[in-house]
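**Q** Below are the structure tokens for one structure; questions will follow.
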Amino acid sequence: MFLKVVLYQDGNTRLENKLFVLSDDGKSRPQQGTLPVLVSSQAASKEFLKTHGFHSFDAHDFPSSVLETSSKAVVVLPCRGFDDIRPVAKIILDNKNLYGDSIHFVVKELSPCIRYNDFHMLITAGAQSIVEHNRNEAALYDQIRLASITQMEASYLNEPSLFEQFESPVRESGFVSYSEFKSITLNAIELCQNTQIEYALVELIPYSSVPLNEVVSYSKMKRRGDIACQIDGRVLIFFSSLRRYEIHQALLNVFAVAPSELFIDEIQLTTAETIIDRLSNLQAIDYLDKSETDTLEADTAIPMSRYAKPVDWDDV
């Protein structure tokens, strides 16, 4: 459970939910205009910065000199892709531990990359808001204004504890052999038993007109913790940290071609029991390299699936 306490002052208004506790403590809160707002030039347009009079900085390098003068500020950090999530969480955690409640962070997602566990890792580190990639600058401004009049308590977690709680235990990525795939997946499921991490196994069956090697050529798996393998004429993908509703976007990120154009069927498994059962029932088939197939006799056929049957060409 990710319970965060935020103090909010707006007359006698009191709001409360599972994530935020907003209360009237009788003290006046600074208005949005009294806090300096530092926005990464990658997170918003020049027009946006100019219109609202916000200060800008490059990438994630917001000026520490401003915070040394007064640590009360709203900082907007960009998240450009998977590789930014960990560094952004570290920046937020380090500064919340250094400056406490007075510094306010908003994260702007620039491409669809922040999954469920990433969201909660960033919130636990001390981010007050995550603005999704499909939200416009009006929504970003609203979150900046909200951050400037609310207060997120610093978690004072250490870095290893934060990443251990929310990051996938899988370090590999991309295609691996089936035996390695099975071993990594079963080990990850066991390690995730007492964490906040959720996962999914997706079984993809290509159209008969799409060769398996062509399917693999369209793969662009980059995120650490996402692994795949070929087995029995199909593709298995283990997403080691995501929720079921995120699978569609994850597949769009994996393949350069829309999955609907490659696969005739898709099976999604999201519980330990169903994944373990499925991997236990699959029978791996070794695929021969081209150099090996070149040495086969002309009338010898190698089934690409256990469902394939030899054909007597005299009967055709």
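Please note that chains go A, B, ... in the order of the structure tokens, that every chain numbers its residues from 1, and that ligands are numbered from 1 in the order shown.
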Residues at most 7 Å from Glu109 (chain A), counting only C-alpha atoms, excluding those fewer than 3 positions away in the same chain, as a ChimeraX atom specification?
**A** /A:78-80,112,131-133
**Q** Quick one: pick out all alpha helix (DSSP H) residues within region 32-138 of chain A from a backbone DSSP run and write them as a compact mmCIF listing (two decimals) with all heavy atoms, in the first residue's frame.
**A**
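And here's selection00.txt as it stands now:
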```txt
# COMPACT_ATOMS: atom_id res chain seq x y z
N LYS A 46 8.81 25.94 -25.59
CA LYS A 46 9.30 27.27 -25.24
C LYS A 46 8.15 28.23 -24.99
O LYS A 46 8.22 29.09 -24.11
CB LYS A 46 10.18 27.82 -26.37
CG LYS A 46 11.51 27.07 -26.54
CD LYS A 46 12.34 27.66 -27.66
CE LYS A 46 13.66 26.92 -27.84
NZ LYS A 46 14.47 27.50 -28.94
N GLU A 47 7.07 28.08 -25.77
CA GLU A 47 5.90 28.94 -25.59
C GLU A 47 5.29 28.75 -24.20
O GLU A 47 4.87 29.71 -23.55
CB GLU A 47 4.86 28.64 -26.67
CG GLU A 47 5.24 29.06 -28.09
CD GLU A 47 6.28 28.15 -28.72
OE1 GLU A 47 6.48 27.02 -28.21
OE2 GLU A 47 6.92 28.56 -29.71
N PHE A 48 5.22 27.49 -23.76
CA PHE A 48 4.67 27.18 -22.44
C PHE A 48 5.51 27.84 -21.35
O PHE A 48 4.97 28.46 -20.43
CB PHE A 48 4.64 25.66 -22.25
CG PHE A 48 4.17 25.21 -20.91
CD1 PHE A 48 2.82 25.09 -20.63
CD2 PHE A 48 5.09 24.89 -19.90
CE1 PHE A 48 2.38 24.65 -19.38
CE2 PHE A 48 4.66 24.45 -18.65
CZ PHE A 48 3.31 24.33 -18.40
N LEU A 49 6.83 27.70 -21.45
CA LEU A 49 7.72 28.28 -20.45
C LEU A 49 7.61 29.80 -20.42
O LEU A 49 7.58 30.42 -19.36
CB LEU A 49 9.16 27.85 -20.74
CG LEU A 49 9.45 26.35 -20.67
CD1 LEU A 49 10.86 26.06 -21.17
CD2 LEU A 49 9.26 25.83 -19.26
N LYS A 50 7.55 30.40 -21.62
CA LYS A 50 7.48 31.86 -21.71
C LYS A 50 6.15 32.38 -21.19
O LYS A 50 6.11 33.38 -20.46
CB LYS A 50 7.69 32.28 -23.17
CG LYS A 50 7.68 33.79 -23.37
CD LYS A 50 7.95 34.14 -24.83
CE LYS A 50 7.94 35.65 -25.03
NZ LYS A 50 8.19 36.02 -26.45
N THR A 51 5.06 31.72 -21.55
CA THR A 51 3.72 32.16 -21.14
C THR A 51 3.58 32.20 -19.62
O THR A 51 3.01 33.15 -19.06
CB THR A 51 2.65 31.22 -21.72
OG1 THR A 51 2.70 31.30 -23.15
CG2 THR A 51 1.25 31.62 -21.24
N HIS A 52 4.12 31.18 -18.94
CA HIS A 52 3.93 31.09 -17.49
C HIS A 52 5.12 31.63 -16.71
O HIS A 52 5.08 31.65 -15.47
CB HIS A 52 3.66 29.64 -17.11
CG HIS A 52 2.42 29.08 -17.73
ND1 HIS A 52 1.16 29.50 -17.38
CD2 HIS A 52 2.25 28.15 -18.71
CE1 HIS A 52 0.25 28.84 -18.09
NE2 HIS A 52 0.88 28.02 -18.91
N SER A 64 21.25 23.54 -9.23
CA SER A 64 21.30 23.36 -7.78
C SER A 64 21.48 24.68 -7.05
O SER A 64 21.14 24.79 -5.87
CB SER A 64 22.44 22.40 -7.41
OG SER A 64 23.68 22.89 -7.90
N SER A 65 22.02 25.68 -7.76
CA SER A 65 22.23 26.99 -7.12
C SER A 65 20.91 27.60 -6.66
O SER A 65 20.85 28.30 -5.64
CB SER A 65 22.93 27.94 -8.09
OG SER A 65 22.18 28.10 -9.29
N VAL A 66 19.84 27.35 -7.40
CA VAL A 66 18.52 27.86 -7.01
C VAL A 66 18.09 27.23 -5.70
O VAL A 66 17.59 27.89 -4.79
CB VAL A 66 17.48 27.58 -8.11
CG1 VAL A 66 16.08 27.99 -7.64
CG2 VAL A 66 17.84 28.30 -9.38
N LEU A 67 18.31 25.92 -5.56
CA LEU A 67 17.90 25.21 -4.35
C LEU A 67 18.78 25.56 -3.17
O LEU A 67 18.34 25.52 -2.02
CB LEU A 67 17.94 23.69 -4.60
CG LEU A 67 17.04 23.18 -5.73
CD1 LEU A 67 17.16 21.66 -5.84
CD2 LEU A 67 15.59 23.58 -5.50
N GLU A 68 20.04 25.90 -3.43
CA GLU A 68 20.93 26.29 -2.34
C GLU A 68 20.50 27.62 -1.73
O GLU A 68 20.67 27.86 -0.54
CB GLU A 68 22.37 26.38 -2.85
CG GLU A 68 22.97 25.02 -3.20
CD GLU A 68 24.29 25.13 -3.92
OE1 GLU A 68 24.73 26.28 -4.15
OE2 GLU A 68 24.89 24.09 -4.26
N THR A 69 19.91 28.47 -2.56
CA THR A 69 19.40 29.76 -2.07
C THR A 69 18.10 29.56 -1.31
O THR A 69 17.89 30.07 -0.21
CB THR A 69 19.16 30.73 -3.24
OG1 THR A 69 20.39 30.89 -3.94
CG2 THR A 69 18.67 32.08 -2.73
N PHE A 82 12.35 4.13 -21.22
CA PHE A 82 12.65 3.18 -20.15
C PHE A 82 13.93 3.54 -19.41
O PHE A 82 14.00 3.42 -18.19
CB PHE A 82 12.78 1.77 -20.72
CG PHE A 82 11.59 1.32 -21.53
CD1 PHE A 82 11.76 0.71 -22.75
CD2 PHE A 82 10.31 1.52 -21.07
CE1 PHE A 82 10.67 0.29 -23.50
CE2 PHE A 82 9.20 1.12 -21.80
CZ PHE A 82 9.39 0.50 -23.02
N ASP A 83 14.94 3.97 -20.15
CA ASP A 83 16.26 4.21 -19.54
C ASP A 83 16.26 5.41 -18.60
O ASP A 83 17.22 5.58 -17.82
CB ASP A 83 17.32 4.41 -20.63
CG ASP A 83 17.56 3.15 -21.44
OD1 ASP A 83 17.27 2.06 -20.93
OD2 ASP A 83 18.04 3.26 -22.59
N ASP A 84 15.23 6.25 -18.67
CA ASP A 84 15.18 7.43 -17.80
C ASP A 84 14.54 7.15 -16.44
O ASP A 84 14.71 7.94 -15.50
CB ASP A 84 14.38 8.56 -18.48
CG ASP A 84 15.24 9.42 -19.38
OD1 ASP A 84 16.46 9.21 -19.41
OD2 ASP A 84 14.69 10.31 -20.05
N ILE A 85 13.79 6.07 -16.32
CA ILE A 85 12.98 5.85 -15.12
C ILE A 85 13.85 5.75 -13.87
O ILE A 85 13.60 6.44 -12.87
CB ILE A 85 12.11 4.59 -15.28
CG1 ILE A 85 11.09 4.81 -16.41
CG2 ILE A 85 11.38 4.28 -13.97
CD1 ILE A 85 10.31 3.57 -16.79
N ARG A 86 14.87 4.92 -13.91
CA ARG A 86 15.74 4.74 -12.74
C ARG A 86 16.49 6.03 -12.39
O ARG A 86 16.50 6.44 -11.21
CB ARG A 86 16.70 3.58 -12.99
CG ARG A 86 17.59 3.23 -11.79
CD ARG A 86 18.59 2.15 -12.17
NE ARG A 86 19.48 1.85 -11.07
CZ ARG A 86 19.34 0.83 -10.24
NH1 ARG A 86 18.32 0.01 -10.37
NH2 ARG A 86 20.21 0.62 -9.27
N PRO A 87 17.14 6.71 -13.37
CA PRO A 87 17.82 7.98 -13.03
C PRO A 87 16.89 9.04 -12.47
O PRO A 87 17.26 9.77 -11.54
CB PRO A 87 18.42 8.42 -14.37
CG PRO A 87 18.56 7.18 -15.17
CD PRO A 87 17.40 6.32 -14.78
N VAL A 88 15.67 9.15 -13.02
CA VAL A 88 14.71 10.14 -12.52
C VAL A 88 14.32 9.81 -11.08
O VAL A 88 14.25 10.70 -10.21
CB VAL A 88 13.47 10.21 -13.43
CG1 VAL A 88 12.35 11.00 -12.75
CG2 VAL A 88 13.83 10.87 -14.75
N ALA A 89 14.05 8.54 -10.80
CA ALA A 89 13.71 8.14 -9.43
C ALA A 89 14.85 8.46 -8.47
O ALA A 89 14.62 8.93 -7.35
CB ALA A 89 13.39 6.65 -9.39
N LYS A 90 16.09 8.24 -8.91
CA LYS A 90 17.25 8.52 -8.05
C LYS A 90 17.38 10.02 -7.79
O LYS A 90 17.67 10.43 -6.65
CB LYS A 90 18.52 7.99 -8.72
CG LYS A 90 19.78 8.14 -7.87
CD LYS A 90 21.00 7.60 -8.57
CE LYS A 90 22.23 7.62 -7.67
NZ LYS A 90 22.50 8.94 -7.08
N ILE A 91 17.18 10.84 -8.82
CA ILE A 91 17.26 12.30 -8.65
C ILE A 91 16.23 12.76 -7.62
O ILE A 91 16.53 13.55 -6.71
CB ILE A 91 17.03 13.02 -9.99
CG1 ILE A 91 18.23 12.82 -10.91
CG2 ILE A 91 16.79 14.52 -9.76
CD1 ILE A 91 18.00 13.31 -12.33
N ILE A 92 15.00 12.26 -7.76
CA ILE A 92 13.94 12.66 -6.84
C ILE A 92 14.26 12.21 -5.43
O ILE A 92 14.15 12.98 -4.46
CB ILE A 92 12.59 12.07 -7.30
CG1 ILE A 92 12.17 12.69 -8.64
CG2 ILE A 92 11.50 12.31 -6.26
CD1 ILE A 92 10.96 12.04 -9.27
N LEU A 93 14.66 10.95 -5.27
CA LEU A 93 14.96 10.41 -3.94
C LEU A 93 16.09 11.18 -3.28
O LEU A 93 15.99 11.57 -2.10
CB LEU A 93 15.32 8.93 -4.07
CG LEU A 93 15.60 8.19 -2.76
CD1 LEU A 93 14.32 8.08 -1.95
CD2 LEU A 93 16.17 6.81 -3.04
N ASP A 94 17.17 11.43 -4.01
CA ASP A 94 18.33 12.12 -3.45
C ASP A 94 17.95 13.53 -2.97
O ASP A 94 18.36 13.96 -1.88
CB ASP A 94 19.45 12.22 -4.48
CG ASP A 94 20.10 10.87 -4.76
OD1 ASP A 94 19.87 9.93 -3.98
OD2 ASP A 94 20.84 10.76 -5.77
N ASN A 95 17.17 14.24 -3.79
CA ASN A 95 16.82 15.62 -3.44
C ASN A 95 15.77 15.70 -2.35
O ASN A 95 15.80 16.63 -1.53
CB ASN A 95 16.37 16.37 -4.69
CG ASN A 95 17.53 16.80 -5.57
OD1 ASN A 95 18.18 17.81 -5.33
ND2 ASN A 95 17.82 16.00 -6.59
N LYS A 96 14.84 14.74 -2.32
CA LYS A 96 13.87 14.71 -1.21
C LYS A 96 14.57 14.40 0.10
O LYS A 96 14.25 14.97 1.15
CB LYS A 96 12.78 13.66 -1.49
CG LYS A 96 11.85 14.00 -2.63
CD LYS A 96 11.02 15.25 -2.35
CE LYS A 96 9.93 14.99 -1.34
NZ LYS A 96 9.00 16.17 -1.23
N ASN A 97 15.56 13.51 0.06
CA ASN A 97 16.32 13.20 1.27
C ASN A 97 17.20 14.37 1.70
O ASN A 97 17.49 14.54 2.89
CB ASN A 97 17.19 11.95 1.06
CG ASN A 97 16.36 10.68 1.02
OD1 ASN A 97 15.23 10.65 1.49
ND2 ASN A 97 16.92 9.62 0.45
N LEU A 98 17.60 15.19 0.71
CA LEU A 98 18.47 16.33 1.01
C LEU A 98 17.67 17.55 1.47
O LEU A 98 18.03 18.20 2.46
CB LEU A 98 19.29 16.68 -0.23
CG LEU A 98 20.32 17.80 -0.09
CD1 LEU A 98 21.38 17.43 0.95
CD2 LEU A 98 20.98 18.08 -1.44
N TYR A 99 16.57 17.86 0.75
CA TYR A 99 15.82 19.09 1.03
C TYR A 99 14.48 18.85 1.72
O TYR A 99 13.81 19.81 2.12
CB TYR A 99 15.59 19.85 -0.28
CG TYR A 99 16.86 20.28 -0.95
CD1 TYR A 99 17.29 19.71 -2.14
CD2 TYR A 99 17.66 21.28 -0.39
CE1 TYR A 99 18.46 20.10 -2.76
CE2 TYR A 99 18.84 21.68 -1.00
CZ TYR A 99 19.24 21.08 -2.19
OH TYR A 99 20.40 21.48 -2.80
N TYR A 116 3.01 0.36 -14.25
CA TYR A 116 2.40 0.44 -12.93
C TYR A 116 3.44 0.51 -11.81
O TYR A 116 3.39 1.38 -10.95
CB TYR A 116 1.48 -0.77 -12.74
CG TYR A 116 0.96 -0.95 -11.34
CD1 TYR A 116 -0.11 -0.21 -10.87
CD2 TYR A 116 1.55 -1.89 -10.47
CE1 TYR A 116 -0.59 -0.38 -9.59
CE2 TYR A 116 1.07 -2.06 -9.20
CZ TYR A 116 0.00 -1.32 -8.75
OH TYR A 116 -0.47 -1.49 -7.49
N ASN A 117 4.40 -0.42 -11.82
CA ASN A 117 5.39 -0.45 -10.74
C ASN A 117 6.33 0.75 -10.81
O ASN A 117 6.80 1.25 -9.78
CB ASN A 117 6.19 -1.75 -10.77
CG ASN A 117 6.99 -1.92 -12.04
OD1 ASN A 117 6.42 -1.91 -13.13
ND2 ASN A 117 8.30 -2.06 -11.93
N ASP A 118 6.60 1.25 -12.04
CA ASP A 118 7.44 2.45 -12.19
C ASP A 118 6.75 3.66 -11.57
O ASP A 118 7.38 4.49 -10.91
CB ASP A 118 7.70 2.73 -13.67
CG ASP A 118 8.35 1.57 -14.38
OD1 ASP A 118 9.20 0.91 -13.77
OD2 ASP A 118 8.01 1.33 -15.55
N PHE A 119 5.43 3.75 -11.80
CA PHE A 119 4.63 4.85 -11.24
C PHE A 119 4.78 4.88 -9.72
O PHE A 119 5.07 5.92 -9.12
CB PHE A 119 3.16 4.68 -11.64
CG PHE A 119 2.23 5.66 -10.98
CD1 PHE A 119 1.96 6.89 -11.57
CD2 PHE A 119 1.61 5.35 -9.78
CE1 PHE A 119 1.11 7.79 -10.96
CE2 PHE A 119 0.75 6.25 -9.16
CZ PHE A 119 0.49 7.46 -9.76
N HIS A 120 4.60 3.73 -9.10
CA HIS A 120 4.65 3.69 -7.63
C HIS A 120 6.07 3.87 -7.11
O HIS A 120 6.27 4.39 -6.01
CB HIS A 120 4.02 2.40 -7.12
CG HIS A 120 2.53 2.43 -7.17
ND1 HIS A 120 1.77 3.12 -6.25
CD2 HIS A 120 1.65 1.89 -8.05
CE1 HIS A 120 0.49 3.00 -6.55
NE2 HIS A 120 0.39 2.26 -7.64
N MET A 121 7.07 3.47 -7.89
CA MET A 121 8.44 3.72 -7.49
C MET A 121 8.72 5.23 -7.48
O MET A 121 9.33 5.75 -6.53
CB MET A 121 9.43 3.01 -8.41
CG MET A 121 10.89 3.24 -8.03
SD MET A 121 12.06 2.19 -8.95
CE MET A 121 11.90 2.89 -10.60
N LEU A 122 8.26 5.93 -8.50
CA LEU A 122 8.47 7.38 -8.58
C LEU A 122 7.71 8.11 -7.48
O LEU A 122 8.23 9.05 -6.87
CB LEU A 122 8.04 7.89 -9.96
CG LEU A 122 8.92 7.44 -11.14
CD1 LEU A 122 8.24 7.74 -12.47
CD2 LEU A 122 10.28 8.12 -11.08
N ILE A 123 6.48 7.67 -7.20
CA ILE A 123 5.69 8.28 -6.14
C ILE A 123 6.34 8.03 -4.79
O ILE A 123 6.44 8.92 -3.94
CB ILE A 123 4.24 7.74 -6.16
CG1 ILE A 123 3.48 8.24 -7.39
CG2 ILE A 123 3.50 8.14 -4.88
CD1 ILE A 123 3.23 9.73 -7.41
N THR A 124 6.81 6.81 -4.57
CA THR A 124 7.46 6.47 -3.30
C THR A 124 8.76 7.25 -3.13
O THR A 124 9.12 7.64 -2.02
CB THR A 124 7.73 4.96 -3.22
OG1 THR A 124 6.49 4.26 -3.36
CG2 THR A 124 8.37 4.58 -1.90
N ALA A 125 9.47 7.49 -4.24
CA ALA A 125 10.70 8.29 -4.17
C ALA A 125 10.41 9.73 -3.77
O ALA A 125 11.26 10.39 -3.17
CB ALA A 125 11.41 8.26 -5.52
N GLU A 137 -0.21 20.24 -22.44
CA GLU A 137 0.47 21.17 -21.54
C GLU A 137 -0.48 21.85 -20.56
O GLU A 137 -0.05 22.31 -19.50
CB GLU A 137 1.25 22.19 -22.35
CG GLU A 137 2.45 21.57 -23.07
CD GLU A 137 3.35 22.59 -23.75
OE1 GLU A 137 2.86 23.70 -24.06
OE2 GLU A 137 4.53 22.27 -23.98
N ALA A 138 -1.76 21.89 -20.89
CA ALA A 138 -2.73 22.41 -19.94
C ALA A 138 -2.80 21.51 -18.70
O ALA A 138 -2.87 21.98 -17.57
CB ALA A 138 -4.11 22.52 -20.60
```
**Q** Near Gly81 (chain A), counting only C-alpha atoms, which residues have an atom at most 10 Å away, once you skip same-chain residues fewer than 6 positions from it, shown as JSON, numbers by chain?
**A** {"A": [109, 110, 111, 112, 113, 114, 223]}
**Q** With only C-alpha atoms as the counted atoms, please give the residues lying no more than 12 Å from Lys182 (chain A), apart from itself and same-chain residues fewer than 3 positions off, as a list of chain:residue names.
**A**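 Residues meeting the cut-off are A:Val176, A:Ser177, A:Tyr178, A:Ser179, A:Thr185, A:Leu186, A:Asn187, A:Ala188, A:Ile189, A:Leu201, A:Ile227, A:Ala228, A:Cys229, A:Gln230, A:Ile231, A:Leu236, A:Ile237, A:Phe238, A:Ile275, A:Ile276, A:Asp277, A:Arg278, A:Leu279, A:Ser280, A:Asn281, A:Leu282, A:Gln283, A:Ala284.
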**Q** Suppose we keep N, CA and C atoms; can you now write the selection as a PDB file, in the first residue's frame?
**A**
```pdb
ATOM      1  N   VAL A 176      16.149 -15.237 -25.803  1.00  0.00           N
ATOM      2  CA  VAL A 176      17.054 -16.199 -25.197  1.00  0.00           C
ATOM      3  C   VAL A 176      16.570 -17.597 -25.582  1.00  0.00           C
ATOM      4  N   SER A 177      17.329 -18.616 -25.260  1.00  0.00           N
ATOM      5  CA  SER A 177      16.903 -19.988 -25.533  1.00  0.00           C
ATOM      6  C   SER A 177      15.717 -20.342 -24.634  1.00  0.00           C
ATOM      7  N   TYR A 178      14.958 -21.364 -25.040  1.00  0.00           N
ATOM      8  CA  TYR A 178      13.780 -21.732 -24.244  1.00  0.00           C
ATOM      9  C   TYR A 178      14.175 -22.187 -22.840  1.00  0.00           C
ATOM     10  N   SER A 179      15.219 -22.967 -22.715  1.00  0.00           N
ATOM     11  CA  SER A 179      15.636 -23.446 -21.390  1.00  0.00           C
ATOM     12  C   SER A 179      16.008 -22.280 -20.481  1.00  0.00           C
ATOM     13  N   THR A 185      12.230 -17.126 -15.973  1.00  0.00           N
ATOM     14  CA  THR A 185      10.836 -16.821 -15.641  1.00  0.00           C
ATOM     15  C   THR A 185      10.431 -17.436 -14.307  1.00  0.00           C
ATOM     16  N   LEU A 186      10.731 -18.707 -14.107  1.00  0.00           N
ATOM     17  CA  LEU A 186      10.356 -19.377 -12.865  1.00  0.00           C
ATOM     18  C   LEU A 186      11.078 -18.766 -11.670  1.00  0.00           C
ATOM     19  N   ASN A 187      12.331 -18.383 -11.861  1.00  0.00           N
ATOM     20  CA  ASN A 187      13.092 -17.750 -10.781  1.00  0.00           C
ATOM     21  C   ASN A 187      12.518 -16.379 -10.442  1.00  0.00           C
ATOM     22  N   ALA A 188      12.117 -15.609 -11.466  1.00  0.00           N
ATOM     23  CA  ALA A 188      11.544 -14.274 -11.241  1.00  0.00           C
ATOM     24  C   ALA A 188      10.230 -14.374 -10.483  1.00  0.00           C
ATOM     25  N   ILE A 189       9.409 -15.339 -10.844  1.00  0.00           N
ATOM     26  CA  ILE A 189       8.125 -15.521 -10.161  1.00  0.00           C
ATOM     27  C   ILE A 189       8.340 -15.792  -8.670  1.00  0.00           C
ATOM     28  N   LEU A 201       2.988 -13.509 -18.796  1.00  0.00           N
ATOM     29  CA  LEU A 201       3.529 -14.330 -19.872  1.00  0.00           C
ATOM     30  C   LEU A 201       2.552 -14.229 -21.045  1.00  0.00           C
ATOM     31  N   ILE A 227      11.896 -10.550 -21.632  1.00  0.00           N
ATOM     32  CA  ILE A 227      12.617 -11.586 -22.368  1.00  0.00           C
ATOM     33  C   ILE A 227      11.652 -12.374 -23.250  1.00  0.00           C
ATOM     34  N   ALA A 228      12.193 -13.031 -24.266  1.00  0.00           N
ATOM     35  CA  ALA A 228      11.359 -13.790 -25.206  1.00  0.00           C
ATOM     36  C   ALA A 228      12.110 -15.013 -25.689  1.00  0.00           C
ATOM     37  N   CYS A 229      11.358 -15.948 -26.272  1.00  0.00           N
ATOM     38  CA  CYS A 229      11.960 -17.125 -26.888  1.00  0.00           C
ATOM     39  C   CYS A 229      11.047 -17.640 -27.994  1.00  0.00           C
ATOM     40  N   GLN A 230      11.619 -18.463 -28.873  1.00  0.00           N
ATOM     41  CA  GLN A 230      10.847 -19.158 -29.902  1.00  0.00           C
ATOM     42  C   GLN A 230      10.668 -20.603 -29.461  1.00  0.00           C
ATOM     43  N   ILE A 231       9.463 -21.104 -29.611  1.00  0.00           N
ATOM     44  CA  ILE A 231       9.233 -22.502 -29.285  1.00  0.00           C
ATOM     45  C   ILE A 231       8.002 -23.001 -30.039  1.00  0.00           C
ATOM     46  N   LEU A 236       7.094 -16.724 -27.161  1.00  0.00           N
ATOM     47  CA  LEU A 236       6.727 -16.477 -25.764  1.00  0.00           C
ATOM     48  C   LEU A 236       7.459 -15.228 -25.291  1.00  0.00           C
ATOM     49  N   ILE A 237       6.735 -14.350 -24.614  1.00  0.00           N
ATOM     50  CA  ILE A 237       7.346 -13.154 -24.028  1.00  0.00           C
ATOM     51  C   ILE A 237       6.986 -13.101 -22.551  1.00  0.00           C
ATOM     52  N   PHE A 238       7.992 -12.908 -21.722  1.00  0.00           N
ATOM     53  CA  PHE A 238       7.765 -12.715 -20.289  1.00  0.00           C
ATOM     54  C   PHE A 238       8.054 -11.264 -19.945  1.00  0.00           C
ATOM     55  N   ILE A 275       1.167 -19.569 -15.272  1.00  0.00           N
ATOM     56  CA  ILE A 275       2.438 -19.477 -16.003  1.00  0.00           C
ATOM     57  C   ILE A 275       3.272 -20.736 -15.782  1.00  0.00           C
ATOM     58  N   ILE A 276       3.373 -21.164 -14.537  1.00  0.00           N
ATOM     59  CA  ILE A 276       4.147 -22.370 -14.235  1.00  0.00           C
ATOM     60  C   ILE A 276       3.557 -23.579 -14.948  1.00  0.00           C
ATOM     61  N   ASP A 277       2.232 -23.685 -14.950  1.00  0.00           N
ATOM     62  CA  ASP A 277       1.562 -24.800 -15.611  1.00  0.00           C
ATOM     63  C   ASP A 277       1.824 -24.793 -17.108  1.00  0.00           C
ATOM     64  N   ARG A 278       1.764 -23.606 -17.718  1.00  0.00           N
ATOM     65  CA  ARG A 278       1.967 -23.513 -19.174  1.00  0.00           C
ATOM     66  C   ARG A 278       3.401 -23.892 -19.549  1.00  0.00           C
ATOM     67  N   LEU A 279       4.375 -23.400 -18.808  1.00  0.00           N
ATOM     68  CA  LEU A 279       5.770 -23.714 -19.116  1.00  0.00           C
ATOM     69  C   LEU A 279       6.075 -25.192 -18.895  1.00  0.00           C
ATOM     70  N   SER A 280       5.371 -25.800 -17.966  1.00  0.00           N
ATOM     71  CA  SER A 280       5.578 -27.227 -17.707  1.00  0.00           C
ATOM     72  C   SER A 280       5.044 -28.088 -18.843  1.00  0.00           C
ATOM     73  N   ASN A 281       4.020 -27.596 -19.542  1.00  0.00           N
ATOM     74  CA  ASN A 281       3.365 -28.385 -20.588  1.00  0.00           C
ATOM     75  C   ASN A 281       3.948 -28.165 -21.981  1.00  0.00           C
ATOM     76  N   LEU A 282       4.761 -27.123 -22.132  1.00  0.00           N
ATOM     77  CA  LEU A 282       5.351 -26.865 -23.444  1.00  0.00           C
ATOM     78  C   LEU A 282       6.520 -27.810 -23.703  1.00  0.00           C
ATOM     79  N   GLN A 283       6.646 -28.226 -24.950  1.00  0.00           N
ATOM     80  CA  GLN A 283       7.763 -29.087 -25.345  1.00  0.00           C
ATOM     81  C   GLN A 283       8.659 -28.310 -26.296  1.00  0.00           C
ATOM     82  N   ALA A 284       9.897 -28.100 -25.885  1.00  0.00           N
ATOM     83  CA  ALA A 284      10.820 -27.304 -26.701  1.00  0.00           C
ATOM     84  C   ALA A 284      11.279 -28.097 -27.916  1.00  0.00           C
TER      85      ALA A 284
END
```
**Q** If you run DSSP on the backbone here, which positions in region 101-229 of chain A get strand (DSSP E)? Please write them as a list of chain:residue names.
**A** A:Ile103, A:His104, A:Phe105, A:Val106, A:Val107, A:Lys108, A:Glu109, A:Ala127, A:Gln128, A:Ser129, A:Ile130, A:Val131, A:Thr150, A:Gln151, A:Met152, A:Gly174, A:Phe175, A:Ala200, A:Leu201, A:Val202, A:Glu203, A:Leu204, A:Ile205, A:Pro206, A:Asp226, A:Ile227, A:Ala228, A:Cys229
**Q** Skip Lys72 (chain A) itself and residues of its chain fewer than 2 positions away, then list as a list of chain:residue names all residues within 9 Å of it, counting only C-alpha atoms.
**A**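 So the residues in contact are A:Leu35, A:Pro36, A:Leu67, A:Ser70, A:Val74, A:Tyr99, A:Asp101, A:Ser102, A:Ile103, A:His104.
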**Q** Skipping near chain neighbours, those fewer than 3 positions away, what residues fall within 10 Å of Ala250 (chain A) using only C-alpha atoms, listed as an NGL selection string?
**A** :A and (112-113 or 115 or 221 or 223 or 226 or 239 or 242 or 244-247 or 253-255)
**Q** Once you have the residues from the selection above, write them out as an mmCIF file, in the first residue's frame, restricted to C-alpha atoms.
**A**
```
data_model
loop_
_atom_site.group_PDB
_atom_site.id
_atom_site.type_symbol
_atom_site.label_atom_id
_atom_site.label_comp_id
_atom_site.auth_asym_id
_atom_site.auth_seq_id
_atom_site.Cartn_x
_atom_site.Cartn_y
_atom_site.Cartn_z
ATOM 1 C CA PRO A 112 4.653 5.506 -23.189
ATOM 2 C CA CYS A 113 7.169 3.865 -20.861
ATOM 3 C CA ARG A 115 4.374 1.080 -16.105
ATOM 4 C CA MET A 221 13.026 -5.456 -27.170
ATOM 5 C CA ARG A 223 13.595 -2.811 -21.721
ATOM 6 C CA ASP A 226 11.463 -8.263 -20.885
ATOM 7 C CA PHE A 239 7.142 -9.168 -19.089
ATOM 8 C CA LEU A 242 3.663 -4.850 -15.662
ATOM 9 C CA ARG A 244 -2.473 -6.900 -17.540
ATOM 10 C CA TYR A 245 -3.928 -3.656 -18.916
ATOM 11 C CA GLU A 246 -0.393 -2.612 -19.933
ATOM 12 C CA ILE A 247 0.254 -5.662 -22.130
ATOM 13 C CA ASN A 253 6.737 -1.207 -27.910
ATOM 14 C CA VAL A 254 8.259 -4.632 -28.613
ATOM 15 C CA PHE A 255 7.389 -4.976 -32.309
#
```
**Q** Report the distance between CA of Phe263 (chain A) and CA of Gly233 (chain A) in Å, rounded to one decimal place.
**A**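 We find that CA of Phe263 (chain A) and CA of Gly233 (chain A) lie 11.4 Å from each other.
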**Q** In Å to one decimal, how far is CA of Gly126 (chain A) from CA of Pro160 (chain A)?
**A**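 Those two atoms sit 15.3 Å apart.
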**Q** Return the single residue from A:Arg224, A:Arg243, A:Arg234, A:Arg171 that is closest to Gln196 (chain A), with distances computed using only C-alpha atoms.
**A**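 Closest to Gln196 (chain A), using only C-alpha atoms: A:Arg243.
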